[in-house]
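> Sending over a structure as structure tokens; questions will come in a sec.
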Amino acid sequence: MAEIKKQKRVVIFTAPGCSWCSTAKQYLKKKEIKFKTIDISKDPDAAKDCKRHGCTGVPVLLIGSRWICGFDKAKIDQELKK
């Protein structure tokens, strides 16, 4: 019987009008990855978390415990495979 691998928790931090955020969300949907969206314009604590991890713009993805600044397909795919 094939082992079902549990998906890592994925959170995407976005802001209104961010085209890269939309691109990142579409990419995750296409790969059938479940994710939670947090709008940093409505959640100042989330914005501070992103900055604390070195991310000054959006989108920011948190995959498991790994922070990814910007829409970086290679890093996203690498983290999702682990």
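Each chain in the structure tokens gets a letter, A, B and so on, in the order shown; residues start at 1 in every chain, and ligands are counted from 1 in the order they appear.
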When you look at stretch 15-17 of chain A with a cut-off of 9 Å (counting only C-alpha atoms), what residues show up, excluding the ones that are within fewer than 4 positions of it in the same chain? I need them as a short mmCIF file (atom, residue, chain, number, x, y, z; two decimals) with N, CA and C atoms, in the first residue's frame.

data_model
loop_
_atom_site.label_atom_id
_atom_site.label_comp_id
_atom_site.auth_asym_id
_atom_site.auth_seq_id
_atom_site.Cartn_x
_atom_site.Cartn_y
_atom_site.Cartn_z
N CYS A 21 1.37 37.95 -5.90
CA CYS A 21 0.61 37.16 -4.92
C CYS A 21 -0.43 36.30 -5.65
N SER A 22 -1.11 36.90 -6.61
CA SER A 22 -2.10 36.16 -7.40
C SER A 22 -1.43 35.02 -8.17
N ILE A 38 -2.98 35.07 4.29
CA ILE A 38 -3.04 36.13 5.30
C ILE A 38 -2.71 37.45 4.61
N ASP A 39 -3.64 38.40 4.71
CA ASP A 39 -3.46 39.73 4.11
C ASP A 39 -2.72 40.60 5.13
N ILE A 40 -1.46 40.94 4.80
CA ILE A 40 -0.66 41.71 5.76
C ILE A 40 -1.16 43.14 5.95
N SER A 41 -1.98 43.63 5.03
CA SER A 41 -2.52 44.99 5.20
C SER A 41 -3.58 45.00 6.32
N LYS A 42 -4.12 43.83 6.65
CA LYS A 42 -5.12 43.72 7.71
C LYS A 42 -4.55 43.09 8.98
N VAL A 58 5.80 41.36 -0.68
CA VAL A 58 4.95 40.18 -0.80
C VAL A 58 5.01 39.67 -2.23
N PRO A 59 4.71 38.43 -2.49
CA PRO A 59 4.23 37.43 -1.54
C PRO A 59 5.36 36.85 -0.70
#
> Give me the residues within 9 Å of A:Ile33 as a list in words, counting only C-alpha atoms and dropping any in the same chain fewer than 2 places off.
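Non-adjacent residues within range: Gln7, Val10, Tyr27, Leu28, Lys29, Lys30, Lys31, Phe35 and Leu80 of chain A.
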> In chain A, what's strand (DSSP E or B) per DSSP? Answer as a ChimeraX atom specification?
/A:10-14,36-39,60-63,66-69
> Quick one: write out the picked residues with C-alpha atoms as a tab-separated table (two decimals), in the first residue's frame?

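Contents of again27.tsv, as written:
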chain	number	residue	atom	x	y	z
A	10	VAL	CA	1.54	26.33	3.66
A	11	VAL	CA	0.73	29.96	4.44
A	12	ILE	CA	0.95	32.76	1.87
A	13	PHE	CA	1.22	36.36	3.03
A	14	THR	CA	-0.30	38.77	0.51
A	36	LYS	CA	-3.96	29.65	4.08
A	37	THR	CA	-3.88	33.28	2.92
A	38	ILE	CA	-3.04	36.13	5.30
A	39	ASP	CA	-3.46	39.73	4.11
A	60	VAL	CA	5.89	35.60	1.31
A	61	LEU	CA	5.36	31.87	1.65
A	62	LEU	CA	5.78	29.88	4.82
A	63	ILE	CA	6.11	26.20	3.97
A	66	ARG	CA	10.81	27.65	5.91
A	67	TRP	CA	10.21	31.26	4.88
A	68	ILE	CA	10.39	32.08	1.16
A	69	CYS	CA	10.49	35.75	0.14
> How many Å separate atom CA of A:Arg9 from atom CA of A:Gly64?
5.2 Å
> Could you pull out all residues of stretch 6-69 of chain A with a DSSP call of alpha helix (DSSP H) and give them as a list in words?
Ser19, Trp20, Cys21, Ser22, Thr23, Ala24, Lys25, Gln26, Tyr27, Leu28, Lys29, Lys30, Pro44, Asp45, Ala46, Ala47, Lys48, Asp49, Cys50, Lys51 and Arg52 of chain A
> Taking C-alpha atoms for each residue, export the selection above as a short mmCIF file (atom, residue, chain, number, x, y, z; two decimals), in the first residue's frame.

data_model
loop_
_atom_site.label_atom_id
_atom_site.label_comp_id
_atom_site.auth_asym_id
_atom_site.auth_seq_id
_atom_site.Cartn_x
_atom_site.Cartn_y
_atom_site.Cartn_z
CA SER A 19 0.03 40.53 -9.02
CA TRP A 20 2.84 38.23 -7.82
CA CYS A 21 0.61 37.16 -4.92
CA SER A 22 -2.10 36.16 -7.40
CA THR A 23 0.48 34.29 -9.49
CA ALA A 24 1.75 32.43 -6.41
CA LYS A 25 -1.77 31.44 -5.34
CA GLN A 26 -2.63 30.23 -8.85
CA TYR A 27 0.59 28.19 -8.92
CA LEU A 28 -0.26 26.48 -5.61
CA LYS A 29 -3.84 25.80 -6.76
CA LYS A 30 -2.55 24.28 -10.01
CA PRO A 44 0.22 44.10 11.22
CA ASP A 45 1.66 41.25 13.32
CA ALA A 46 1.91 39.08 10.22
CA ALA A 47 3.68 41.92 8.40
CA LYS A 48 6.18 42.15 11.29
CA ASP A 49 6.77 38.37 11.12
CA CYS A 50 7.59 38.64 7.41
CA LYS A 51 10.03 41.51 8.01
CA ARG A 52 11.64 39.66 10.91
#
> State, in Å with one decimal place, the distance from atom CA of A:Thr56 to atom CA of A:Ala74.
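Separation between atom CA of A:Thr56 and atom CA of A:Ala74: 19.7 Å.
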